[in-house]
Structure formats: structure tokens, C-alpha cells
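Participant: Below is the file input_28.csv, with CSV, C-alpha atoms and all ligand atoms.
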chain,number,residue,atom,x,y,z
A,1,MET,CA,116.3,151.5,156.6
A,2,SER,CA,116.6,148.6,154.2
A,3,PHE,CA,116.2,149.1,150.4
A,4,ARG,CA,116.3,145.3,149.8
A,5,THR,CA,114.0,144.7,146.8
A,6,ASN,CA,111.6,141.9,146.1
A,7,LEU,CA,113.5,141.1,142.9
A,8,PRO,CA,115.5,137.8,143.5
A,9,THR,CA,119.2,138.2,144.4
A,10,ARG,CA,121.3,136.8,141.6
A,11,LEU,CA,125.1,136.1,141.7
A,12,ALA,CA,127.0,136.9,138.5
A,13,PRO,CA,130.6,135.6,138.7
A,14,SER,CA,132.9,137.6,136.4
A,15,ILE,CA,135.4,135.4,134.6
A,16,LEU,CA,138.0,138.2,134.5
A,17,THR,CA,140.1,136.6,137.2
A,18,ALA,CA,139.3,133.0,136.3
A,19,ASN,CA,142.0,130.7,134.8
A,20,PHE,CA,141.6,131.1,131.1
A,21,GLY,CA,143.6,128.0,130.5
A,22,SER,CA,140.7,126.0,131.9
A,23,LEU,CA,137.8,128.4,131.4
A,24,ALA,CA,135.2,125.7,130.7
A,25,GLU,CA,136.0,124.0,134.1
A,26,GLU,CA,135.9,127.3,135.9
A,27,ILE,CA,132.5,128.1,134.5
A,28,ALA,CA,131.2,124.6,135.2
A,29,ALA,CA,132.4,125.0,138.8
A,30,ALA,CA,130.5,128.4,139.0
A,31,GLU,CA,127.4,126.8,137.6
A,32,ALA,CA,127.5,123.9,140.0
A,33,GLY,CA,128.2,126.3,142.9
A,34,GLY,CA,124.9,128.2,142.2
A,35,ALA,CA,125.9,131.1,139.9
A,36,ASN,CA,122.8,132.6,138.3
A,37,LEU,CA,124.6,134.4,135.4
A,38,ILE,CA,128.1,134.6,134.0
A,39,HIS,CA,129.4,138.1,133.8
A,40,LEU,CA,131.8,138.9,130.9
A,41,ASP,CA,134.0,142.0,131.0
A,42,VAL,CA,134.9,143.3,127.6
A,43,MET,CA,137.6,146.0,127.6
A,44,ASP,CA,139.1,147.8,124.6
A,45,GLY,CA,142.2,149.6,126.0
A,46,ARG,CA,140.5,153.0,125.2
A,47,PHE,CA,137.4,153.4,127.4
A,48,VAL,CA,139.4,151.6,130.1
A,49,PRO,CA,143.2,151.1,130.2
A,50,ASN,CA,143.0,147.4,130.0
A,51,ILE,CA,142.3,145.0,127.1
A,52,SER,CA,140.4,141.8,127.9
A,53,PHE,CA,138.6,139.8,125.2
A,54,GLY,CA,135.9,140.1,122.5
A,55,PRO,CA,133.0,138.2,121.0
A,56,GLY,CA,135.1,135.1,120.3
A,57,ILE,CA,135.5,134.3,124.0
A,58,VAL,CA,131.8,135.1,124.6
A,59,ALA,CA,130.9,132.5,121.9
A,60,ALA,CA,133.2,130.0,123.6
A,61,VAL,CA,131.6,130.6,127.0
A,62,ARG,CA,128.2,130.2,125.3
A,63,THR,CA,129.1,126.6,124.4
A,64,ALA,CA,130.3,125.9,128.0
A,65,THR,CA,127.1,126.8,130.0
A,66,SER,CA,123.4,127.2,129.7
A,67,LEU,CA,123.4,130.1,132.2
A,68,PRO,CA,122.5,133.6,130.9
A,69,LEU,CA,125.5,135.6,129.7
A,70,ASP,CA,125.7,139.1,131.1
A,71,VAL,CA,128.1,141.0,128.8
A,72,HIS,CA,129.5,144.2,130.2
A,73,LEU,CA,131.0,146.4,127.4
A,74,MET,CA,133.7,148.7,128.6
A,75,ILE,CA,134.4,149.9,125.1
A,76,GLU,CA,134.1,153.2,123.2
A,77,GLU,CA,131.3,153.4,120.6
A,78,PRO,CA,129.6,150.2,121.7
A,79,GLU,CA,127.0,150.7,118.9
A,80,ARG,CA,129.6,149.3,116.5
A,81,TYR,CA,129.7,145.9,118.2
A,82,ILE,CA,126.1,145.1,119.5
A,83,GLY,CA,125.4,142.8,116.6
A,84,ALA,CA,128.7,140.8,117.1
A,85,PHE,CA,128.0,140.3,120.8
A,86,ALA,CA,124.4,139.3,120.3
A,87,GLU,CA,125.4,136.8,117.6
A,88,ALA,CA,128.1,135.4,120.0
A,89,GLY,CA,125.3,134.5,122.4
A,90,ALA,CA,124.9,137.3,124.9
A,91,THR,CA,121.7,137.2,126.9
A,92,GLY,CA,122.1,140.8,128.1
A,93,ILE,CA,124.4,143.6,126.9
A,94,THR,CA,125.3,146.5,129.1
A,95,VAL,CA,126.9,149.7,127.7
A,96,HIS,CA,128.4,152.7,129.6
A,97,VAL,CA,126.5,156.0,129.5
A,98,GLU,CA,129.9,157.6,129.2
A,99,ALA,CA,130.9,155.6,126.1
A,100,THR,CA,128.4,156.6,123.5
A,101,ARG,CA,126.8,159.8,122.2
A,102,HIS,CA,123.3,158.4,121.4
A,103,LEU,CA,122.5,156.2,124.3
A,104,ASN,CA,118.8,155.8,123.5
A,105,ARG,CA,119.7,154.5,120.0
A,106,VAL,CA,122.2,152.0,121.4
A,107,VAL,CA,119.6,150.7,123.8
A,108,GLN,CA,117.1,150.3,120.9
A,109,GLN,CA,119.8,148.4,119.0
A,110,ILE,CA,120.3,146.0,122.0
A,111,VAL,CA,116.6,145.4,122.3
A,112,GLU,CA,116.3,144.8,118.5
A,113,SER,CA,119.1,142.3,118.7
A,114,GLY,CA,117.0,140.2,121.1
A,115,CYS,CA,119.1,140.9,124.2
A,116,ARG,CA,118.3,142.5,127.5
A,117,ALA,CA,119.5,146.0,127.6
A,118,GLY,CA,121.7,147.4,130.4
A,119,ILE,CA,123.3,150.7,131.1
A,120,ALA,CA,126.3,151.3,133.3
A,121,LEU,CA,127.5,154.3,135.3
A,122,ASN,CA,131.1,154.9,136.3
A,123,PRO,CA,131.7,155.8,140.0
A,124,ALA,CA,131.9,159.6,139.3
A,125,SER,CA,128.9,159.7,136.9
A,126,PRO,CA,125.7,161.3,138.3
A,127,ILE,CA,122.6,159.3,138.6
A,128,GLU,CA,120.7,162.1,136.9
A,129,SER,CA,122.0,160.7,133.5
A,130,LEU,CA,119.7,157.6,134.1
A,131,ARG,CA,116.4,159.5,134.4
A,132,GLU,CA,115.4,159.7,130.7
A,133,ILE,CA,116.7,156.3,129.6
A,134,SER,CA,115.6,154.3,132.6
A,135,PRO,CA,112.1,153.3,131.3
A,136,PHE,CA,113.7,151.7,128.3
A,137,VAL,CA,116.2,149.4,130.0
A,138,ASP,CA,116.1,146.0,131.8
A,139,LEU,CA,119.1,146.6,134.0
A,140,VAL,CA,121.2,149.5,135.5
A,141,LEU,CA,124.8,148.7,136.6
A,142,VAL,CA,126.4,150.8,139.2
A,143,MET,CA,130.2,150.6,139.1
A,144,SER,CA,131.6,150.3,142.6
A,145,VAL,CA,135.2,150.5,141.3
A,146,ASN,CA,136.7,152.4,138.4
A,147,PRO,CA,136.3,149.9,135.5
A,148,GLY,CA,139.3,148.2,134.0
A,149,TYR,CA,140.6,145.7,136.5
A,150,GLY,CA,139.4,142.9,138.8
A,151,GLY,CA,140.5,142.8,142.4
A,152,GLN,CA,140.1,146.5,143.3
A,153,GLN,CA,138.7,147.9,146.5
A,154,PHE,CA,135.0,148.7,146.8
A,155,ILE,CA,134.3,152.5,146.8
A,156,GLN,CA,132.3,153.0,150.0
A,157,THR,CA,130.0,155.7,148.7
A,158,SER,CA,128.6,153.2,146.2
A,159,THR,CA,126.0,151.9,148.8
A,160,SER,CA,124.4,155.4,149.0
A,161,LYS,CA,124.5,155.6,145.2
A,162,LEU,CA,122.7,152.2,145.0
A,163,ARG,CA,120.0,153.4,147.3
A,164,ARG,CA,119.4,156.6,145.3
A,165,VAL,CA,119.4,154.6,142.0
A,166,ARG,CA,116.9,152.1,143.4
A,167,LYS,CA,114.7,154.9,144.5
A,168,LEU,CA,114.8,156.4,141.0
A,169,LEU,CA,114.1,153.0,139.4
A,170,ASP,CA,111.2,152.4,141.7
A,171,GLU,CA,109.7,155.6,140.3
A,172,PHE,CA,110.4,155.1,136.6
A,173,ASN,CA,110.9,151.3,136.1
A,174,PRO,CA,110.2,149.2,139.2
A,175,THR,CA,111.0,145.8,137.7
A,176,CYS,CA,114.4,147.0,136.4
A,177,ASP,CA,117.4,145.0,137.8
A,178,LEU,CA,120.0,146.9,139.7
A,179,GLU,CA,123.5,145.4,139.3
A,180,VAL,CA,126.6,146.3,141.3
A,181,ASP,CA,130.1,145.6,140.0
A,182,GLY,CA,133.5,145.9,141.6
A,183,GLY,CA,135.1,144.9,144.9
A,184,VAL,CA,132.1,143.0,146.2
A,185,ASP,CA,133.1,140.3,148.8
A,186,VAL,CA,131.6,138.5,151.8
A,187,HIS,CA,132.1,141.6,154.0
A,188,ASN,CA,130.1,144.0,151.9
A,189,ILE,CA,127.6,141.9,149.9
A,190,GLY,CA,125.0,142.2,152.6
A,191,ASP,CA,125.3,146.0,152.5
A,192,VAL,CA,124.9,146.2,148.7
A,193,VAL,CA,121.8,143.9,148.8
A,194,ARG,CA,120.3,146.0,151.6
A,195,SER,CA,121.0,149.0,149.5
A,196,GLY,CA,118.8,147.6,146.7
A,197,ALA,CA,121.2,145.8,144.4
A,198,ASN,CA,119.8,142.4,143.2
A,199,VAL,CA,122.4,141.4,140.5
A,200,ILE,CA,125.7,141.1,142.2
A,201,VAL,CA,128.9,140.8,140.2
A,202,VAL,CA,131.6,138.9,142.0
A,203,GLY,CA,135.0,138.4,140.4
A,204,SER,CA,138.1,137.9,142.6
A,205,ALA,CA,135.8,136.9,145.5
A,206,VAL,CA,134.8,133.8,143.5
A,207,PHE,CA,137.8,133.0,141.3
A,208,ASN,CA,140.8,133.0,143.7
A,209,ASP,CA,143.4,130.7,145.1
A,210,ARG,CA,142.0,130.8,148.6
A,211,ARG,CA,139.0,128.5,148.3
A,212,PRO,CA,137.2,126.4,145.6
A,213,VAL,CA,134.7,128.4,143.5
A,214,ALA,CA,131.6,126.6,144.9
A,215,GLU,CA,132.7,127.3,148.5
A,216,ASN,CA,133.2,131.0,147.7
A,217,LEU,CA,129.8,131.2,146.1
A,218,GLY,CA,128.1,129.5,149.0
A,219,ARG,CA,129.7,132.0,151.5
A,220,LEU,CA,128.6,134.9,149.3
A,221,ARG,CA,125.1,133.6,149.0
A,222,GLN,CA,124.8,133.2,152.8
A,223,ALA,CA,126.2,136.7,153.5
A,224,ALA,CA,123.9,138.2,150.9
A,225,ALA,CA,120.8,136.7,152.7
A,226,GLU,CA,121.7,138.3,156.1
A,227,ARG,CA,119.1,140.9,157.1
B,1,LIG,C1,135.8,145.9,136.5
B,1,LIG,C2,134.9,144.8,136.0
B,1,LIG,C3,134.4,143.9,137.1
B,1,LIG,C4,135.5,143.1,137.8
B,1,LIG,C5,134.9,142.5,139.0
B,1,LIG,O1,136.2,146.7,135.4
B,1,LIG,O2,133.8,145.4,135.4
B,1,LIG,O3,133.4,143.0,136.6
B,1,LIG,O4,136.1,142.2,137.0
B,1,LIG,O5,135.9,142.0,139.7
B,1,LIG,P1,136.1,142.1,141.3
B,1,LIG,O6,134.9,141.5,141.9
B,1,LIG,O7,137.4,141.4,141.6
B,1,LIG,O8,136.2,143.6,141.6
B,2,ZN,ZN,131.9,144.1,134.9
Translate this file's structure into C-alpha cells.
Facilitator:
Amino acid sequence: MSFRTNLPTRLAPSILTANFGSLAEEIAAAEAGGANLIHLDVMDGRFVPNISFGPGIVAAVRTATSLPLDVHLMIEEPERYIGAFAEAGATGITVHVEATRHLNRVVQQIVESGCRAGIALNPASPIESLREISPFVDLVLVMSVNPGYGGQQFIQTSTSKLRRVRKLLDEFNPTCDLEVDGGVDVHNIGDVVRSGANVIVVGSAVFNDRRPVAENLGRLRQAAAER
């Protein structure tokens, strides 16, 4: 049975594995290749082992594209930085349910900052933690790898989790976006879309040495449309 939604499928290239020496060109190539959003992975070395970048890079990316900026905060106490990322030009800000004590308050903060509010779940976190907050958010992100690094392998049970989250959202917030992040490639993008995901983060499947960015996006788009 397919859980494909009527919400449009949107591809969100993550710049984590892009060449930061020519970031503006990488983003322009993604935009020309049909990217719908740019996904920015912010890591603090505490919530996740890795450190990536902060609001300064988000502001630089803002000047390089008119696409919406989908900012994924993998940081402890995200409430301390919502203002900074909103000011840097984020369109949407996603925080982890595991990273804050007062999730409802952080979601309110994001909405008040003028951004779309998203919440993310680590692979081992139960979907039950979404129930109370889901009516207040614009997007739910299901992590399909343990956050921290690009280029990891997709955790197979994530498709079943996506179906269960989509079912919960259909009950409590039917227009809410369902995003999947981690290890998505041409081989599994059809499955995640058929499992109800409509915002698809693609990092190493887009920014790699194998093919040009636009060609990678074209192949992903085609595979995502397969029924
Ligand atoms: C993982 C990040 C992802 C990652 C995606 O912590 O949230 O956005 O960069 O990269 P791939 O698609 O290579 O798994
Ligand atoms: Zn991400």
C-alpha cells in the first residue's frame, strides 16, 4: 500500500558534502538543477560529534540563492540561537525533540521569528513524542541516519517509521510536511516517497565526484516519481 501524499515532492540538497571553497557555484548548480530548498546542517560538537557551521554561513548562502533555506539545528539548547538563524535568513528552522527541555516554547519562538517551524526525531526516538506538538509545526523531520555526518547508510526501518509518522500527521496536522534526512539515494528515494515523505534531503547523492549536481538531481527526481 502506498502512503504517497498529495503534498508536492520537494528535493532539499544538503550542502554538507558540497565544496565550501566554491559554495556559491555549488548552490547555483543545485538551483539550476531543480532543487526546491537548500538544506543547511548546523552541528555543535555536543548534540552530535561533529561541528559544521553557524549563522554566518547561513547568511552567506542567503545571498547566493533565492530558494528557501531549510535550517536543521543539530545543537543542544536550540532556543539560544533561534533569533540568530532567523536573522541570518532561514526560511524554516528545525530543532531536535531530544535537544531541548521545552519543545513547545522553542516552536513558539520559531513561529514568532517569522520562520516555518520543524521538529526532528533521531532514529531511536519514538514517534509518540510528536503527538502533542504536531498540531503546532509545519514540518516533521525523520532522521534516517544518526545525525552528525553526511554519506552514511540509510537505516532500513526508517520507511516503516515514515509511514507511521505520516499516519499520525494525517490525523493531527494533515498539511504538515514530512521530511526524511540521511542516506537517501536513487535506490531508496522511491521507497521514502511511497512511505509518505515529501521533503527529501539529499546530500552525498547530489554533491559528489561521480556526476554533475544537475544530473544527480535529475536522476533523483525521476526515481522519486516512480510509482
Ligand atoms: C546528517 C545530516 C544530513 C546529511 C545528509 O547529520 O542531517 O542532512 O548531511 O547527507 P547524506 O544524504 O549524504 O546522508
Ligand atoms: Zn540535515
Participant: From the set A:Ala223, A:Leu16, A:Val111, A:Ala197, which residue has the shortest atom-to-atom contact distance to ligand ZN 2 (chain B), counting only C-alpha atoms and all ligand atoms?
Facilitator: A:Leu16
Participant: Please identify every residue of chain A that has at least one atom no farther than 6 Å from an atom of ligand ZN 2 (chain B), counting all atoms listed in the file, and for each give the shortest atom pair and the distance in Å to one decimal, arranged by chain then increasing number, as CSV.
Facilitator:
residue,atom,partner,partner_atom,distance
A:Asp41,CA,B:ZN2,ZN,4.9
A:His72,CA,B:ZN2,ZN,5.3
A:Asp181,CA,B:ZN2,ZN,5.6
Participant: Do a neighbour search on A:Thr9 at 8 Å with all atoms listed in the file, toss out local chain neighbours closer than 5 positions, and write the hits as a list in words.
Facilitator: Val193, Ala197, Asn198, Val199 and Ile200 of chain A
Participant: Please compute the atom CA of A:Arg101-atom CA of A:Phe85 distance, one decimal, in Å.
Facilitator: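 Rounded to one decimal, the two atoms are 19.6 Å apart.
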Participant: Show me which residues are within 9 Å of ligand LIG 1 (chain B) counting all atoms listed in the file, and format the list as number ranges by chain.
Facilitator: A: 13-17, 39-43, 48, 50, 72-74, 143-154, 180-185, 201-207
Participant: Using only C-alpha atoms, find the one residue out of A:Val97, A:Met1, A:Ala225, A:Leu168 that sits nearest to A:Phe47.
Facilitator: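 Of the candidates, the smallest distance to A:Phe47 is held by A:Val97.
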Participant: Find the distance between atom CA of A:Ala120 and atom CA of A:Val71 and write it in Å to one decimal.
Facilitator: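 Computing it gives 11.4 Å between the two atoms.
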Participant: Smallest atom-to-atom distance to A:Ala90: which of A:Gly45, A:Val137, A:Ile38, A:Ala214, using all atoms listed in the file?
Facilitator: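 Going through A:Gly45, A:Val137, A:Ile38, A:Ala214 one by one, the smallest distance to A:Ala90 is for A:Ile38.
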Participant: Between atom CA of A:Ile75 and atom CA of A:Arg46, what distance in Å does the model show, to one decimal?
Facilitator: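 Between atom CA of A:Ile75 and atom CA of A:Arg46 the gap works out to 6.8 Å.
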Participant: Env of A:Ala60: 9 Å cut, atoms = all atoms listed in the file, seq-sep filter 5 positions within chain, self excluded. Answer as a PyMOL selection string.
Facilitator: chain A and resi 24+55+88
Participant: Which polymer residues have any atom within 12 Å of an atom of A:Ser129, counting all atoms listed in the file, with same-chain residues fewer than 3 positions away left out, as a list of chain:residue names?
Facilitator: A:His96, A:Val97, A:Glu98, A:Leu103, A:Asn104, A:Ile119, A:Ala120, A:Leu121, A:Asn122, A:Ala124, A:Ser125, A:Pro126, A:Glu132, A:Ile133, A:Ser134, A:Val140, A:Val165, A:Leu168
Participant: Which residue gives the smallest distance to A:Asp138 among A:Gln222, A:Ser52, A:Ser22, A:Thr175, with all atoms listed in the file counted?
Facilitator: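 Closest to A:Asp138, using all atoms listed in the file: A:Thr175.
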Participant: Using only C-alpha atoms, which residues sit within 9 Å of A:Arg62 once same-chain residues fewer than 4 positions away are excluded, as a PyMOL selection string?
Facilitator: chain A and resi 57-58+66-69+88-90
Participant: Closest to A:Ala18 among A:Glu79, A:Val213, A:Arg163, A:Leu220, using all atoms listed in the file?
Facilitator: A:Val213
Participant: For a quick check of understanding, using all atoms listed in the file, which of A:Leu7, A:Ala86, A:Val107, A:Leu217 has the smallest distance to A:Ala29?
Facilitator: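 Of A:Leu7, A:Ala86, A:Val107, A:Leu217, the one nearest A:Ala29 is A:Leu217, counting all atoms listed in the file.
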Participant: Need to verify the contact set: A:Thr159, 8 Å, only C-alpha atoms, exclusion of same-chain residues closer than 5 positions in sequence. Can you return it as a short mmCIF file (atom, residue, chain, number, x, y, z; two decimals) with C-alpha atoms, in the frame of the given file?
Facilitator:
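Output contents, as saved in out_33.cif:
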data_model
loop_
_atom_site.label_atom_id
_atom_site.label_comp_id
_atom_site.auth_asym_id
_atom_site.auth_seq_id
_atom_site.Cartn_x
_atom_site.Cartn_y
_atom_site.Cartn_z
CA ASP A 191 125.30 146.00 152.50
CA VAL A 192 124.90 146.20 148.70
CA SER A 195 121.00 149.00 149.50
#
Participant: From (119.4, 149.6, 149.4), in the file's coordinates, out to 6 Å: which residues are reached, counting all atoms listed in the file? Answer as a CSV table (one decimal) with C-alpha atoms, in the frame of the given file.
Facilitator:
chain,number,residue,atom,x,y,z
A,2,SER,CA,116.6,148.6,154.2
A,3,PHE,CA,116.2,149.1,150.4
A,4,ARG,CA,116.3,145.3,149.8
A,163,ARG,CA,120.0,153.4,147.3
A,194,ARG,CA,120.3,146.0,151.6
A,195,SER,CA,121.0,149.0,149.5
A,196,GLY,CA,118.8,147.6,146.7
Participant: Complete stretch 17-28 of chain A with all heavy atoms (output as a compact mmCIF listing (two decimals), in the coordinates of the input).
Facilitator:
# COMPACT_ATOMS: atom_id res chain seq x y z
N THR A 17 138.99 137.15 136.48
CA THR A 17 140.10 136.60 137.20
C THR A 17 140.11 135.07 137.26
O THR A 17 140.82 134.45 138.05
CB THR A 17 140.13 137.14 138.71
OG1 THR A 17 138.86 136.84 139.31
CG2 THR A 17 140.38 138.64 138.75
N ALA A 18 139.30 134.46 136.39
CA ALA A 18 139.30 133.00 136.30
C ALA A 18 140.57 132.57 135.51
O ALA A 18 141.25 133.38 134.89
CB ALA A 18 138.06 132.52 135.55
N ASN A 19 140.85 131.28 135.57
CA ASN A 19 142.00 130.70 134.80
C ASN A 19 141.52 130.47 133.38
O ASN A 19 140.74 129.55 133.12
CB ASN A 19 142.44 129.44 135.51
CG ASN A 19 143.59 128.79 134.78
OD1 ASN A 19 143.96 129.21 133.68
ND2 ASN A 19 144.17 127.78 135.40
N PHE A 20 142.00 131.27 132.45
CA PHE A 20 141.60 131.10 131.10
C PHE A 20 142.10 129.86 130.39
O PHE A 20 141.59 129.45 129.35
CB PHE A 20 141.94 132.39 130.25
CG PHE A 20 140.94 133.49 130.40
CD1 PHE A 20 140.77 134.12 131.62
CD2 PHE A 20 140.14 133.88 129.33
CE1 PHE A 20 139.82 135.12 131.79
CE2 PHE A 20 139.19 134.88 129.48
CZ PHE A 20 139.02 135.50 130.71
N GLY A 21 143.09 129.24 131.02
CA GLY A 21 143.60 128.00 130.50
C GLY A 21 142.61 126.85 130.72
O GLY A 21 142.67 125.81 130.05
N SER A 22 141.72 127.03 131.69
CA SER A 22 140.70 126.00 131.90
C SER A 22 139.36 126.68 132.17
O SER A 22 138.67 126.42 133.16
CB SER A 22 141.10 125.14 133.15
OG SER A 22 141.43 125.96 134.24
N LEU A 23 139.02 127.53 131.24
CA LEU A 23 137.80 128.40 131.40
C LEU A 23 136.54 127.54 131.49
O LEU A 23 135.67 127.84 132.32
CB LEU A 23 137.75 129.34 130.20
CG LEU A 23 136.78 130.50 130.33
CD1 LEU A 23 136.96 131.24 131.65
CD2 LEU A 23 136.95 131.46 129.15
N ALA A 24 136.44 126.48 130.68
CA ALA A 24 135.20 125.70 130.70
C ALA A 24 135.02 125.06 132.10
O ALA A 24 133.90 125.04 132.64
CB ALA A 24 135.26 124.60 129.64
N GLU A 25 136.11 124.59 132.71
CA GLU A 25 136.00 124.00 134.10
C GLU A 25 135.65 125.06 135.09
O GLU A 25 134.87 124.81 136.01
CB GLU A 25 137.35 123.34 134.47
CG GLU A 25 137.65 122.03 133.78
CD GLU A 25 138.41 122.21 132.45
OE1 GLU A 25 138.32 123.32 131.84
OE2 GLU A 25 139.07 121.26 132.03
N GLU A 26 136.23 126.24 134.95
CA GLU A 26 135.90 127.30 135.90
C GLU A 26 134.45 127.67 135.83
O GLU A 26 133.79 127.88 136.85
CB GLU A 26 136.76 128.58 135.55
CG GLU A 26 138.27 128.41 135.69
CD GLU A 26 138.77 128.71 137.09
OE1 GLU A 26 138.43 127.93 138.00
OE2 GLU A 26 139.49 129.70 137.26
N ILE A 27 133.92 127.73 134.62
CA ILE A 27 132.50 128.10 134.50
C ILE A 27 131.61 126.95 134.96
O ILE A 27 130.60 127.21 135.62
CB ILE A 27 132.23 128.42 132.98
CG1 ILE A 27 132.89 129.77 132.68
CG2 ILE A 27 130.74 128.47 132.68
CD1 ILE A 27 133.01 130.11 131.23
N ALA A 28 132.01 125.72 134.70
CA ALA A 28 131.20 124.60 135.20
C ALA A 28 131.18 124.63 136.74
O ALA A 28 130.14 124.37 137.35
CB ALA A 28 131.81 123.27 134.71
